[in-house]
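Asks: For reference, this is data04.txt, and it has compact mmCIF, C-alpha atoms and all ligand atoms.
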```
# COMPACT_ATOMS: atom_id res chain seq x y z
CA SER A 216 267.28 127.87 181.62
CA GLU A 217 268.01 124.20 181.63
CA PRO A 218 271.06 123.18 183.67
CA ILE A 219 274.09 121.78 181.82
CA LEU A 220 274.52 119.03 184.39
CA SER A 221 271.65 117.63 186.39
CA VAL A 222 272.23 114.89 188.97
CA ARG A 223 269.16 113.40 190.64
CA ASP A 224 269.19 111.05 193.62
CA LEU A 225 272.51 109.52 192.55
CA ARG A 226 273.43 106.35 194.37
CA VAL A 227 276.76 104.55 194.03
CA ALA A 228 277.58 101.30 195.79
CA PHE A 229 280.87 99.51 196.30
CA GLU A 230 280.12 95.84 195.82
CA THR A 231 282.36 93.94 198.22
CA ARG A 232 282.46 90.55 199.89
CA ARG A 233 281.00 92.28 202.95
CA GLY A 234 278.01 93.35 200.90
CA SER A 235 276.95 96.41 198.99
CA LEU A 236 278.35 99.54 200.67
CA PRO A 237 276.61 102.88 199.99
CA ALA A 238 279.38 105.23 198.83
CA ILE A 239 276.96 107.83 197.44
CA ASP A 240 273.48 107.75 198.88
CA GLY A 241 270.99 110.06 197.20
CA VAL A 242 272.91 113.06 195.87
CA SER A 243 271.13 115.73 193.76
CA PHE A 244 272.46 118.96 192.27
CA ASP A 245 272.45 121.07 189.09
CA ILE A 246 275.18 123.11 187.43
CA GLY A 247 274.23 125.87 184.99
CA ARG A 248 276.07 127.32 182.01
CA GLY A 249 279.23 129.18 183.08
CA GLU A 250 278.61 128.23 186.70
CA ILE A 251 281.16 126.72 189.08
CA LEU A 252 279.80 124.35 191.73
CA GLY A 253 282.37 123.67 194.42
CA VAL A 254 282.09 120.25 196.05
CA VAL A 255 283.83 120.18 199.40
CA GLY A 256 284.23 117.87 202.35
CA GLU A 257 286.80 115.78 204.16
CA SER A 258 288.54 112.87 202.53
CA GLY A 259 286.11 109.97 202.12
CA ALA A 260 283.00 112.18 201.86
CA GLY A 261 282.31 111.00 198.31
CA LYS A 262 283.39 114.10 196.34
CA SER A 263 285.64 112.33 193.85
CA VAL A 264 283.33 109.33 193.60
CA THR A 265 280.51 111.69 192.59
CA GLY A 266 282.77 113.25 189.93
CA SER A 267 283.85 109.83 188.67
CA ALA A 268 280.23 108.71 188.44
CA VAL A 269 279.36 111.78 186.33
CA ILE A 270 282.15 111.03 183.83
CA GLY A 271 281.41 107.30 183.80
CA LEU A 272 284.82 106.37 185.22
CA LEU A 273 283.98 104.78 188.55
CA ASP A 274 286.78 102.54 189.74
CA PRO A 275 285.66 98.98 190.48
CA PRO A 276 284.00 97.85 192.66
CA GLY A 277 282.03 101.13 192.41
CA ARG A 278 278.77 100.98 190.50
CA ILE A 279 275.84 103.37 189.94
CA VAL A 280 272.83 101.71 191.55
CA GLY A 281 270.27 104.49 191.34
CA GLY A 282 269.35 107.96 190.18
CA GLU A 283 269.90 109.88 186.96
CA ILE A 284 272.67 111.97 185.44
CA ARG A 285 271.76 114.33 182.58
CA LEU A 286 274.07 116.42 180.42
CA GLY A 287 272.25 119.11 178.46
CA GLY A 288 269.03 117.26 179.20
CA GLU A 289 270.32 113.95 177.82
CA ARG A 290 270.61 110.95 180.11
CA ILE A 291 274.30 109.88 180.21
CA ASP A 292 274.48 107.41 183.09
CA THR A 293 272.88 104.71 180.94
CA LEU A 294 275.04 105.23 177.83
CA PRO A 295 277.09 102.27 176.59
CA PRO A 296 280.82 102.66 177.44
CA GLU A 297 281.85 103.47 173.85
CA ARG A 298 279.36 106.34 173.57
CA MET A 299 280.28 107.57 177.04
CA ARG A 300 283.93 107.62 176.00
CA ARG A 301 283.02 110.06 173.21
CA VAL A 302 280.93 112.19 175.59
CA ARG A 303 284.00 112.43 177.85
CA GLY A 304 286.28 113.57 175.06
CA ARG A 305 283.88 116.01 173.46
CA ARG A 306 281.31 117.23 175.96
CA ILE A 307 283.06 116.79 179.31
CA GLY A 308 286.60 117.97 179.97
CA MET A 309 288.64 116.71 182.91
CA ILE A 310 291.33 118.30 185.06
CA PHE A 311 292.97 116.21 187.74
CA GLN A 312 295.44 116.92 190.52
CA ASP A 313 298.32 115.41 188.54
CA PRO A 314 298.66 117.06 185.11
CA LEU A 315 300.35 113.91 183.84
CA THR A 316 297.02 112.09 184.18
CA SER A 317 295.90 114.16 181.18
CA LEU A 318 299.20 114.77 179.37
CA ASP A 319 301.20 112.01 177.73
CA PRO A 320 304.87 112.63 178.61
CA LEU A 321 305.99 111.13 175.28
CA TYR A 322 304.22 113.68 173.07
CA ARG A 323 304.75 117.39 172.56
CA VAL A 324 301.97 119.38 174.26
CA GLY A 325 300.96 120.90 170.91
CA GLU A 326 300.45 117.49 169.31
CA GLN A 327 298.09 116.55 172.13
CA ILE A 328 296.03 119.73 171.89
CA VAL A 329 295.95 119.60 168.07
CA GLU A 330 294.82 115.97 168.18
CA THR A 331 291.99 116.87 170.58
CA ILE A 332 290.91 119.80 168.39
CA ARG A 333 290.99 117.70 165.22
CA THR A 334 289.06 114.84 166.83
CA HIS A 335 286.24 117.19 167.74
CA THR A 336 286.18 119.73 164.88
CA ASP A 337 286.82 119.64 161.14
CA LEU A 338 289.70 122.13 161.32
CA SER A 339 292.70 121.44 159.08
CA ALA A 340 296.02 120.53 160.72
CA ARG A 341 297.30 124.05 160.12
CA ALA A 342 294.15 125.73 161.51
CA ALA A 343 294.16 123.38 164.52
CA ARG A 344 297.76 124.32 165.28
CA THR A 345 296.86 128.01 165.14
CA ARG A 346 293.92 127.32 167.45
CA ALA A 347 296.22 125.41 169.84
CA ILE A 348 298.63 128.36 169.97
CA ASP A 349 295.68 130.66 170.71
CA LEU A 350 294.56 128.36 173.52
CA LEU A 351 298.06 128.27 175.03
CA ALA A 352 298.16 132.07 174.87
CA GLU A 353 294.72 132.19 176.48
CA VAL A 354 295.88 130.12 179.46
CA GLY A 355 298.92 132.36 179.89
CA ILE A 356 301.77 130.27 178.44
CA PRO A 357 304.50 132.72 177.39
CA ALA A 358 305.82 132.42 173.81
CA PRO A 359 303.16 129.85 172.89
CA GLU A 360 304.27 129.60 169.25
CA ARG A 361 307.54 128.17 170.57
CA ARG A 362 306.34 126.32 173.69
CA ILE A 363 303.74 124.42 171.67
CA ASP A 364 306.56 122.11 170.57
CA GLY A 365 307.75 121.44 174.13
CA TYR A 366 307.24 118.21 176.05
CA PRO A 367 305.26 118.14 179.31
CA HIS A 368 308.41 117.72 181.46
CA GLU A 369 309.74 120.99 180.05
CA PHE A 370 306.96 122.92 181.82
CA SER A 371 306.77 123.85 185.51
CA GLY A 372 303.93 122.36 187.56
CA GLY A 373 301.81 125.50 187.28
CA MET A 374 302.46 125.88 183.53
CA ARG A 375 301.70 122.19 183.00
CA GLN A 376 298.32 122.58 184.72
CA ARG A 377 297.65 125.57 182.44
CA VAL A 378 298.37 123.30 179.47
CA VAL A 379 295.88 120.79 180.91
CA ILE A 380 293.26 123.55 181.12
CA ALA A 381 293.97 124.43 177.46
CA LEU A 382 293.60 120.75 176.60
CA ALA A 383 290.35 120.50 178.56
CA LEU A 384 288.96 123.53 176.70
CA ALA A 385 290.18 122.37 173.28
CA ALA A 386 287.04 120.37 172.51
CA GLU A 387 284.85 123.22 173.82
CA PRO A 388 283.11 120.99 176.37
CA GLU A 389 279.86 121.92 178.07
CA LEU A 390 281.16 120.68 181.42
CA ILE A 391 284.55 120.42 183.12
CA ILE A 392 285.14 118.15 186.09
CA ALA A 393 288.13 119.51 188.02
CA ASP A 394 289.26 117.27 190.90
CA GLU A 395 291.76 118.99 193.23
CA PRO A 396 293.19 120.91 190.24
CA THR A 397 295.57 123.02 192.31
CA THR A 398 296.39 120.71 195.21
CA ALA A 399 299.76 119.64 193.78
CA LEU A 400 300.85 123.16 192.86
CA ASP A 401 303.01 125.61 194.74
CA VAL A 402 300.91 127.89 196.90
CA SER A 403 302.17 130.88 194.92
CA VAL A 404 300.63 129.62 191.66
CA GLN A 405 297.42 128.05 193.04
CA ALA A 406 295.51 131.34 193.01
CA GLN A 407 296.66 132.16 189.46
CA VAL A 408 295.50 128.81 188.11
CA ILE A 409 292.14 128.93 189.90
CA THR A 410 291.52 132.51 188.77
CA LEU A 411 292.34 131.45 185.21
CA LEU A 412 289.96 128.48 185.35
CA LYS A 413 287.20 130.72 186.66
CA ARG A 414 287.69 133.39 184.01
CA LEU A 415 287.89 130.94 181.11
CA CYS A 416 284.80 129.02 182.17
CA ARG A 417 282.85 132.29 182.39
CA GLU A 418 284.05 133.32 178.94
CA HIS A 419 283.38 129.95 177.35
CA GLY A 420 280.12 129.34 179.24
CA THR A 421 281.48 126.06 180.57
CA ALA A 422 279.83 124.50 183.63
CA VAL A 423 282.39 123.34 186.21
CA MET A 424 282.20 120.80 189.01
CA LEU A 425 285.16 121.76 191.20
CA VAL A 426 286.04 119.03 193.69
CA THR A 427 288.38 120.14 196.46
CA HIS A 428 289.12 119.84 200.16
CA ASP A 429 290.40 123.43 200.06
CA MET A 430 287.95 126.07 201.33
CA GLY A 431 290.20 128.83 200.02
CA VAL A 432 289.72 127.49 196.48
CA ILE A 433 285.96 127.27 197.01
CA ALA A 434 285.73 130.81 198.38
CA GLU A 435 287.80 132.11 195.47
CA ALA A 436 286.22 130.29 192.56
CA ALA A 437 282.82 128.77 193.27
CA ASP A 438 279.41 130.31 192.62
CA ARG A 439 277.65 127.66 194.67
CA VAL A 440 278.96 125.03 197.02
CA ALA A 441 277.85 121.54 198.02
CA VAL A 442 279.22 120.31 201.34
CA MET A 443 279.40 116.51 201.34
CA TYR A 444 279.50 114.16 204.29
CA SER A 445 279.41 110.39 204.24
CA GLY A 446 278.08 110.11 200.70
CA ARG A 447 275.36 112.76 201.03
CA ILE A 448 275.05 116.50 200.57
CA ALA A 449 274.84 118.09 204.02
CA GLU A 450 274.28 121.59 202.67
CA ILE A 451 274.13 123.25 199.24
CA GLY A 452 273.69 126.89 198.32
CA PRO A 453 275.34 130.07 197.04
CA VAL A 454 278.95 130.27 198.16
CA GLU A 455 278.45 133.54 200.08
CA ALA A 456 275.61 132.01 202.09
CA VAL A 457 277.28 128.68 202.84
CA VAL A 458 280.70 130.14 203.62
CA ARG A 459 279.54 133.18 205.62
CA ASN A 460 276.43 131.73 207.20
CA PRO A 461 276.65 127.93 207.17
CA ARG A 462 273.64 126.15 208.65
CA HIS A 463 274.53 122.48 208.85
CA PRO A 464 276.66 121.81 211.96
CA TYR A 465 279.25 120.01 209.80
CA ALA A 466 279.48 123.02 207.47
CA VAL A 467 279.74 125.30 210.51
CA GLY A 468 282.71 123.21 211.64
CA LEU A 469 284.36 123.26 208.22
CA MET A 470 284.02 127.02 207.91
CA GLY A 471 285.55 127.50 211.36
CA ALA A 472 288.63 128.96 209.75
CA ILE A 473 288.67 130.03 206.14
CA PRO A 474 292.07 131.17 205.09
CA THR A 475 292.32 133.02 201.81
CA LEU A 476 294.16 131.60 198.84
CA THR A 477 296.84 134.22 199.09
CA GLN A 478 297.52 133.21 202.68
CA GLY A 479 298.18 129.76 201.39
CA SER A 480 296.77 127.10 203.62
CA GLY A 481 293.14 126.55 202.74
CA ARG A 482 292.94 123.38 204.78
CA LEU A 483 289.62 122.55 206.29
CA ALA A 484 289.14 123.32 209.93
CA GLN A 485 289.56 120.29 212.13
CA ILE A 486 286.42 118.77 213.55
CA PRO A 487 286.95 116.23 216.34
CA GLY A 488 286.36 112.66 215.22
CA ALA A 489 286.54 111.13 211.77
CA MET A 490 284.36 110.46 208.75
CA PRO A 491 282.72 107.06 209.28
CA ARG A 492 283.92 104.11 207.24
CA LEU A 493 281.50 102.75 204.64
CA THR A 494 281.16 99.58 206.68
CA ALA A 495 280.08 101.51 209.77
CA ILE A 496 277.87 104.45 208.77
CA PRO A 497 275.95 105.47 211.90
CA PRO A 498 272.15 105.21 211.84
CA GLY A 499 270.08 108.38 211.63
CA CYS A 500 272.28 111.35 210.75
CA ALA A 501 275.73 110.00 209.80
CA PHE A 502 277.30 113.06 211.43
CA HIS A 503 275.61 112.54 214.78
CA PRO A 504 278.59 111.03 216.67
CA ARG A 505 280.59 114.20 215.89
CA CYS A 506 277.81 116.75 216.04
CA PRO A 507 277.84 119.34 218.86
CA LYS A 508 274.09 119.88 218.27
CA VAL A 509 272.96 116.25 218.30
CA PHE A 510 269.52 115.61 219.83
CA GLY A 511 267.10 112.71 220.16
CA ARG A 512 265.90 111.94 216.67
CA CYS A 513 269.36 112.49 215.08
CA ARG A 514 270.35 109.01 216.23
CA VAL A 515 267.32 107.42 214.60
CA ASP A 516 265.96 109.40 211.65
CA ARG A 517 268.04 110.20 208.63
CA PRO A 518 267.62 113.90 207.77
CA GLU A 519 266.41 114.62 204.24
CA PRO A 520 267.33 117.86 202.43
CA ILE A 521 265.16 120.80 203.53
CA ARG A 522 264.88 123.76 201.18
CA THR A 523 266.34 126.90 202.70
CA ASP A 524 265.52 129.32 199.89
CA ALA A 525 262.05 130.53 198.98
CA ALA A 526 260.03 128.10 196.88
CA PRO A 527 260.44 128.86 193.16
CA ALA A 528 257.94 131.29 191.67
CA ARG A 529 255.21 129.58 189.70
CA THR A 530 256.16 130.92 186.30
CA GLY A 531 255.72 127.65 184.50
CA SER A 532 259.47 127.02 184.54
CA ASP A 533 260.82 123.71 185.76
CA PRO A 534 261.34 124.00 189.52
CA ALA A 535 264.05 121.33 189.28
CA SER A 536 266.29 123.74 187.38
CA SER A 537 266.12 126.51 189.96
CA SER A 538 269.29 125.38 191.79
CA PRO A 539 267.73 125.10 195.22
CA SER A 540 269.56 125.70 198.45
CA ALA A 541 269.05 122.97 201.01
CA VAL A 542 270.31 121.65 204.33
CA ALA A 543 269.96 118.05 205.52
CA CYS A 544 269.67 118.53 209.29
CA HIS A 545 266.82 118.03 211.73
CA LEU A 546 267.53 121.41 213.34
CA TYR A 547 265.91 123.00 210.30
CA ASP A 548 262.82 120.83 210.16
CA PRO A 549 259.99 123.31 210.71
CA ASP A 550 257.66 120.49 211.78
CA ALA A 551 259.87 119.07 214.51
CA ALA A 552 258.48 119.70 217.97
CA ASP A 553 261.55 118.45 219.81
CA ARG A 554 264.31 120.34 218.08
CA PRO A 555 266.60 122.73 219.92
CA ALA A 556 267.24 126.13 218.32
CA PRO A 557 270.09 126.10 215.80
CA ALA A 558 272.83 128.44 216.92
CA GLY A 559 273.96 131.39 214.88
CA GLY A 560 271.30 131.40 212.20
CA GLU A 561 267.61 131.33 211.67
CA PRO A 562 266.20 128.07 210.35
FE1 LIG B 601 273.65 117.33 214.07
FE2 LIG B 601 271.25 116.20 214.24
FE3 LIG B 601 271.70 118.05 212.38
FE4 LIG B 601 272.82 115.65 212.18
S1 LIG B 601 270.63 116.12 212.10
S2 LIG B 601 273.81 117.58 211.84
S3 LIG B 601 273.25 115.17 214.33
S4 LIG B 601 271.73 118.34 214.61
MG MG B 602 289.37 112.94 196.11
```
Go through the file and emit its structure as structure tokens.
Ligand code: SF4
Ligand code: MG
Replies:
Amino acid sequence: SEPILSVRDLRVAFETRRGSLPAIDGVSFDIGRGEILGVVGESGAGKSVTGSAVIGLLDPPGRIVGGEIRLGGERIDTLPPERMRRVRGRRIGMIFQDPLTSLDPLYRVGEQIVETIRTHTDLSARAARTRAIDLLAEVGIPAPERRIDGYPHEFSGGMRQRVVIALALAAEPELIIADEPTTALDVSVQAQVITLLKRLCREHGTAVMLVTHDMGVIAEAADRVAVMYSGRIAEIGPVEAVVRNPRHPYAVGLMGAIPTLTQGSGRLAQIPGAMPRLTAIPPGCAFHPRCPKVFGRCRVDRPEPIRTDAAPARTGSDPASSSPSAVACHLYDPDAADRPAPAGGEP
């Protein structure tokens, strides 16, 4: 079926006095109904910028300079700001690291959820309040009929993020963008909140773009994962494949140590070197100065995504909606005569 979110060849530039810097340089992915796509990578890889581009909230000087973003088949990257604002409220929910980005500290949590419900449905005030209590119960807030009248500061960090999830679900959005939703929480409640998000999105059929630097969160929650590096997708595929059998040398490095959520630290494995600055992206493969597998053409040719799954069956369905797996690395180019064998996995 048609994906909920479809991003094609997205390009975002930061317009600066030093010129136009390519923050996102040709990113493509789909997210289906009830599916969670984890987007992972080190700081500066372009994860949050991609999420911000999808919701039309790029911070200046960021600007979309190419590609297409479709929600339910409808182009949204070209909508006027006022219409995009309504799409954000109604069709795309947002969960950020800091719950107070979404919750106004001056209003009772119930008022905020009721307002969202009433903006997007024709429920009466009384029915919306009942619905809000149901949502709070659904996200695991104890005594919701009483807590609905509490203020955000009266909730613990974990409970507050549950309220944000209830608020995000209140408009019954097709898509939720969750950017580091558990990073600020105590380790002991991170797993609970991520498990909750996963269960609710399954039940509601919501597509989720889950941006995180935490491999434990990805392993726990995601159906598929996109590994980003320097504004591009290095590898994308089902989470079991990418986590257990990563192909791209950067992904291999990241998966070096995957702690579980219950162990706490899901920090990415350390790879020697650093993500290049936007002003100094290396030619060829941007990862080549850090890559243990680098060979001749890596320094010259930029690797394009190579499909790693079987080509879609010719059933007349749109091949673009088949959520392809791909790796952008010359080691997997079947036509390259000069490539060394990739270690630990067949190309
Ligand atoms: Fe390493 Fe070359 Fe693959 Fe880049 S293209 S990840 S430098 S082997
Ligand atoms: Mg970020």
Asks: Using CA of Arg522 (chain A) and CA of Gly249 (chain A) as the two end points, give the distance in Å to one decimal.
Replies: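 So the two atoms, CA of Arg522 (chain A) and CA of Gly249 (chain A), lie 23.7 Å apart.
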Asks: Give, as AutoDock Vina command-line options, the centre coordinates and the x, y and z edge lengths in Å to one decimal for an axis-aligned box around all listed atoms of ligand LIG 601 (chain B), padded by 8 Å on each side.
Replies:
```
--center_x 272.2 --center_y 116.8 --center_z 213.2 --size_x 19.2 --size_y 19.2 --size_z 18.8
```
Asks: Would you pick out the contacts of His419 (chain A) at 10 Å or less, using all atoms listed in the file, so that residues sharing its chain but fewer than 4 positions from it are not included, and give the list as JSON, numbers by chain?
Replies: {"A": [248, 249, 384, 387, 388, 389, 414, 415]}
Asks: Just to be explicit: take each residue in the selection above, keep C-alpha atoms, and write the result as a PDB file, keeping the file's coordinate frame.
Replies:
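File written: selection-v7.pdb
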```pdb
ATOM      1  CA  ARG A 248     276.070 127.320 182.010  1.00  0.00           C
ATOM      2  CA  GLY A 249     279.230 129.180 183.080  1.00  0.00           C
ATOM      3  CA  LEU A 384     288.960 123.530 176.700  1.00  0.00           C
ATOM      4  CA  GLU A 387     284.850 123.220 173.820  1.00  0.00           C
ATOM      5  CA  PRO A 388     283.110 120.990 176.370  1.00  0.00           C
ATOM      6  CA  GLU A 389     279.860 121.920 178.070  1.00  0.00           C
ATOM      7  CA  ARG A 414     287.690 133.390 184.010  1.00  0.00           C
ATOM      8  CA  LEU A 415     287.890 130.940 181.110  1.00  0.00           C
TER       9      LEU A 415
END
```
Asks: Show me which residues are within 9 Å of ligand MG 602 (chain B) counting only C-alpha atoms and all ligand atoms, and format the list as a list in words.
Replies: Glu257, Ser258, Gly259, Ala260, Gly261, Lys262, Ser263, Val264, Asp394, Glu395, Val426, Thr427 and His428 of chain A
Asks: How would the residues just picked look written out with C-alpha atoms as a PDB file, keeping the file's coordinate frame?
Replies:
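out15.pdb, written as the output of this step:
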```
ATOM      1  CA  GLU A 257     286.800 115.780 204.160  1.00  0.00           C
ATOM      2  CA  SER A 258     288.540 112.870 202.530  1.00  0.00           C
ATOM      3  CA  GLY A 259     286.110 109.970 202.120  1.00  0.00           C
ATOM      4  CA  ALA A 260     283.000 112.180 201.860  1.00  0.00           C
ATOM      5  CA  GLY A 261     282.310 111.000 198.310  1.00  0.00           C
ATOM      6  CA  LYS A 262     283.390 114.100 196.340  1.00  0.00           C
ATOM      7  CA  SER A 263     285.640 112.330 193.850  1.00  0.00           C
ATOM      8  CA  VAL A 264     283.330 109.330 193.600  1.00  0.00           C
ATOM      9  CA  ASP A 394     289.260 117.270 190.900  1.00  0.00           C
ATOM     10  CA  GLU A 395     291.760 118.990 193.230  1.00  0.00           C
ATOM     11  CA  VAL A 426     286.040 119.030 193.690  1.00  0.00           C
ATOM     12  CA  THR A 427     288.380 120.140 196.460  1.00  0.00           C
ATOM     13  CA  HIS A 428     289.120 119.840 200.160  1.00  0.00           C
TER      14      HIS A 428
END
```
Asks: Mind running chain A against ligand LIG 601 (chain B) at 12 Å and telling me each contacting residue's nearest atom pair with the distance in Å (one decimal), counting only C-alpha atoms and all ligand atoms, chain and number ascending, as JSON lines?
Replies:
```
{"residue": "A:Met443", "atom": "CA", "partner": "B:LIG601", "partner_atom": "S2", "distance": 11.9}
{"residue": "A:Tyr444", "atom": "CA", "partner": "B:LIG601", "partner_atom": "S2", "distance": 10.1}
{"residue": "A:Ser445", "atom": "CA", "partner": "B:LIG601", "partner_atom": "FE4", "distance": 11.6}
{"residue": "A:Arg447", "atom": "CA", "partner": "B:LIG601", "partner_atom": "FE4", "distance": 11.8}
{"residue": "A:Ile448", "atom": "CA", "partner": "B:LIG601", "partner_atom": "S2", "distance": 11.4}
{"residue": "A:Ala449", "atom": "CA", "partner": "B:LIG601", "partner_atom": "S2", "distance": 7.9}
{"residue": "A:Glu450", "atom": "CA", "partner": "B:LIG601", "partner_atom": "S2", "distance": 10.0}
{"residue": "A:Pro461", "atom": "CA", "partner": "B:LIG601", "partner_atom": "S2", "distance": 11.7}
{"residue": "A:Arg462", "atom": "CA", "partner": "B:LIG601", "partner_atom": "FE3", "distance": 9.1}
{"residue": "A:His463", "atom": "CA", "partner": "B:LIG601", "partner_atom": "S2", "distance": 5.8}
{"residue": "A:Pro464", "atom": "CA", "partner": "B:LIG601", "partner_atom": "S2", "distance": 5.1}
{"residue": "A:Tyr465", "atom": "CA", "partner": "B:LIG601", "partner_atom": "S2", "distance": 6.3}
{"residue": "A:Ala466", "atom": "CA", "partner": "B:LIG601", "partner_atom": "S2", "distance": 9.0}
{"residue": "A:Val467", "atom": "CA", "partner": "B:LIG601", "partner_atom": "S2", "distance": 9.8}
{"residue": "A:Gly468", "atom": "CA", "partner": "B:LIG601", "partner_atom": "S2", "distance": 10.5}
{"residue": "A:Pro497", "atom": "CA", "partner": "B:LIG601", "partner_atom": "S3", "distance": 10.4}
{"residue": "A:Pro498", "atom": "CA", "partner": "B:LIG601", "partner_atom": "S3", "distance": 10.3}
{"residue": "A:Gly499", "atom": "CA", "partner": "B:LIG601", "partner_atom": "S1", "distance": 7.8}
{"residue": "A:Cys500", "atom": "CA", "partner": "B:LIG601", "partner_atom": "FE4", "distance": 4.6}
{"residue": "A:Ala501", "atom": "CA", "partner": "B:LIG601", "partner_atom": "FE4", "distance": 6.8}
{"residue": "A:Phe502", "atom": "CA", "partner": "B:LIG601", "partner_atom": "FE4", "distance": 5.2}
{"residue": "A:His503", "atom": "CA", "partner": "B:LIG601", "partner_atom": "S3", "distance": 3.6}
{"residue": "A:Pro504", "atom": "CA", "partner": "B:LIG601", "partner_atom": "S3", "distance": 7.2}
{"residue": "A:Arg505", "atom": "CA", "partner": "B:LIG601", "partner_atom": "S3", "distance": 7.6}
{"residue": "A:Cys506", "atom": "CA", "partner": "B:LIG601", "partner_atom": "FE1", "distance": 4.6}
{"residue": "A:Pro507", "atom": "CA", "partner": "B:LIG601", "partner_atom": "FE1", "distance": 6.7}
{"residue": "A:Lys508", "atom": "CA", "partner": "B:LIG601", "partner_atom": "S4", "distance": 4.6}
{"residue": "A:Val509", "atom": "CA", "partner": "B:LIG601", "partner_atom": "S3", "distance": 4.1}
{"residue": "A:Phe510", "atom": "CA", "partner": "B:LIG601", "partner_atom": "FE2", "distance": 5.9}
{"residue": "A:Gly511", "atom": "CA", "partner": "B:LIG601", "partner_atom": "FE2", "distance": 8.0}
{"residue": "A:Arg512", "atom": "CA", "partner": "B:LIG601", "partner_atom": "FE2", "distance": 7.3}
{"residue": "A:Cys513", "atom": "CA", "partner": "B:LIG601", "partner_atom": "FE2", "distance": 4.2}
{"residue": "A:Arg514", "atom": "CA", "partner": "B:LIG601", "partner_atom": "S3", "distance": 7.1}
{"residue": "A:Val515", "atom": "CA", "partner": "B:LIG601", "partner_atom": "FE2", "distance": 9.6}
{"residue": "A:Asp516", "atom": "CA", "partner": "B:LIG601", "partner_atom": "S1", "distance": 8.2}
{"residue": "A:Arg517", "atom": "CA", "partner": "B:LIG601", "partner_atom": "S1", "distance": 7.3}
{"residue": "A:Pro518", "atom": "CA", "partner": "B:LIG601", "partner_atom": "S1", "distance": 5.7}
{"residue": "A:Glu519", "atom": "CA", "partner": "B:LIG601", "partner_atom": "S1", "distance": 9.0}
{"residue": "A:Pro520", "atom": "CA", "partner": "B:LIG601", "partner_atom": "S1", "distance": 10.4}
{"residue": "A:Ile521", "atom": "CA", "partner": "B:LIG601", "partner_atom": "S1", "distance": 11.2}
{"residue": "A:Val542", "atom": "CA", "partner": "B:LIG601", "partner_atom": "FE3", "distance": 8.9}
{"residue": "A:Ala543", "atom": "CA", "partner": "B:LIG601", "partner_atom": "S1", "distance": 6.9}
{"residue": "A:Cys544", "atom": "CA", "partner": "B:LIG601", "partner_atom": "FE3", "distance": 3.7}
{"residue": "A:His545", "atom": "CA", "partner": "B:LIG601", "partner_atom": "S1", "distance": 4.3}
{"residue": "A:Leu546", "atom": "CA", "partner": "B:LIG601", "partner_atom": "S4", "distance": 5.4}
{"residue": "A:Tyr547", "atom": "CA", "partner": "B:LIG601", "partner_atom": "FE3", "distance": 7.9}
{"residue": "A:Asp548", "atom": "CA", "partner": "B:LIG601", "partner_atom": "S1", "distance": 9.3}
{"residue": "A:Ala551", "atom": "CA", "partner": "B:LIG601", "partner_atom": "S1", "distance": 11.4}
{"residue": "A:Asp553", "atom": "CA", "partner": "B:LIG601", "partner_atom": "FE2", "distance": 11.4}
{"residue": "A:Arg554", "atom": "CA", "partner": "B:LIG601", "partner_atom": "S4", "distance": 8.4}
{"residue": "A:Pro555", "atom": "CA", "partner": "B:LIG601", "partner_atom": "S4", "distance": 8.6}
{"residue": "A:Ala556", "atom": "CA", "partner": "B:LIG601", "partner_atom": "S4", "distance": 9.7}
{"residue": "A:Pro557", "atom": "CA", "partner": "B:LIG601", "partner_atom": "S4", "distance": 8.0}
{"residue": "A:Ala558", "atom": "CA", "partner": "B:LIG601", "partner_atom": "S4", "distance": 10.4}
{"residue": "A:Pro562", "atom": "CA", "partner": "B:LIG601", "partner_atom": "FE3", "distance": 11.6}
```
Asks: When you draw a straight line from CA of Gly372 (chain A) to CA of Arg417 (chain A), how long is it in Å?
Replies: 23.9 Å
Asks: May I ask which of the residues A:Leu338, A:Ile310, A:Ala343, A:Tyr322 is the closest one to Arg377 (chain A), counting all atoms listed in the file?
Replies: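 The closest residue to Arg377 (chain A) is A:Ile310.
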Asks: Could you work out how far CA of Gly247 (chain A) lies from CA of Glu330 (chain A), giving the answer in Å with one decimal?
Replies: 28.4 Å
Asks: From the set A:Ile392, A:Val227, A:Leu350, A:Leu493, which residue has the shortest atom-to-atom contact distance to Arg362 (chain A), counting only C-alpha atoms?
Replies: A:Leu350
Asks: So which residues are close to (308.1, 114.5, 174.7), meaning at most 7 Å away in the file's coordinates with only C-alpha atoms counted, and can you show them as a PyMOL selection string?
Replies: chain A and resi 320-323+365-367
Asks: Once you have the residues from the selection above, write them out as a compact mmCIF listing (two decimals), in the coordinates of the input, restricted to C-alpha atoms.
Replies:
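Writing done, so here's out06.txt:
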```txt
# COMPACT_ATOMS: atom_id res chain seq x y z
CA PRO A 320 304.87 112.63 178.61
CA LEU A 321 305.99 111.13 175.28
CA TYR A 322 304.22 113.68 173.07
CA ARG A 323 304.75 117.39 172.56
CA GLY A 365 307.75 121.44 174.13
CA TYR A 366 307.24 118.21 176.05
CA PRO A 367 305.26 118.14 179.31
```
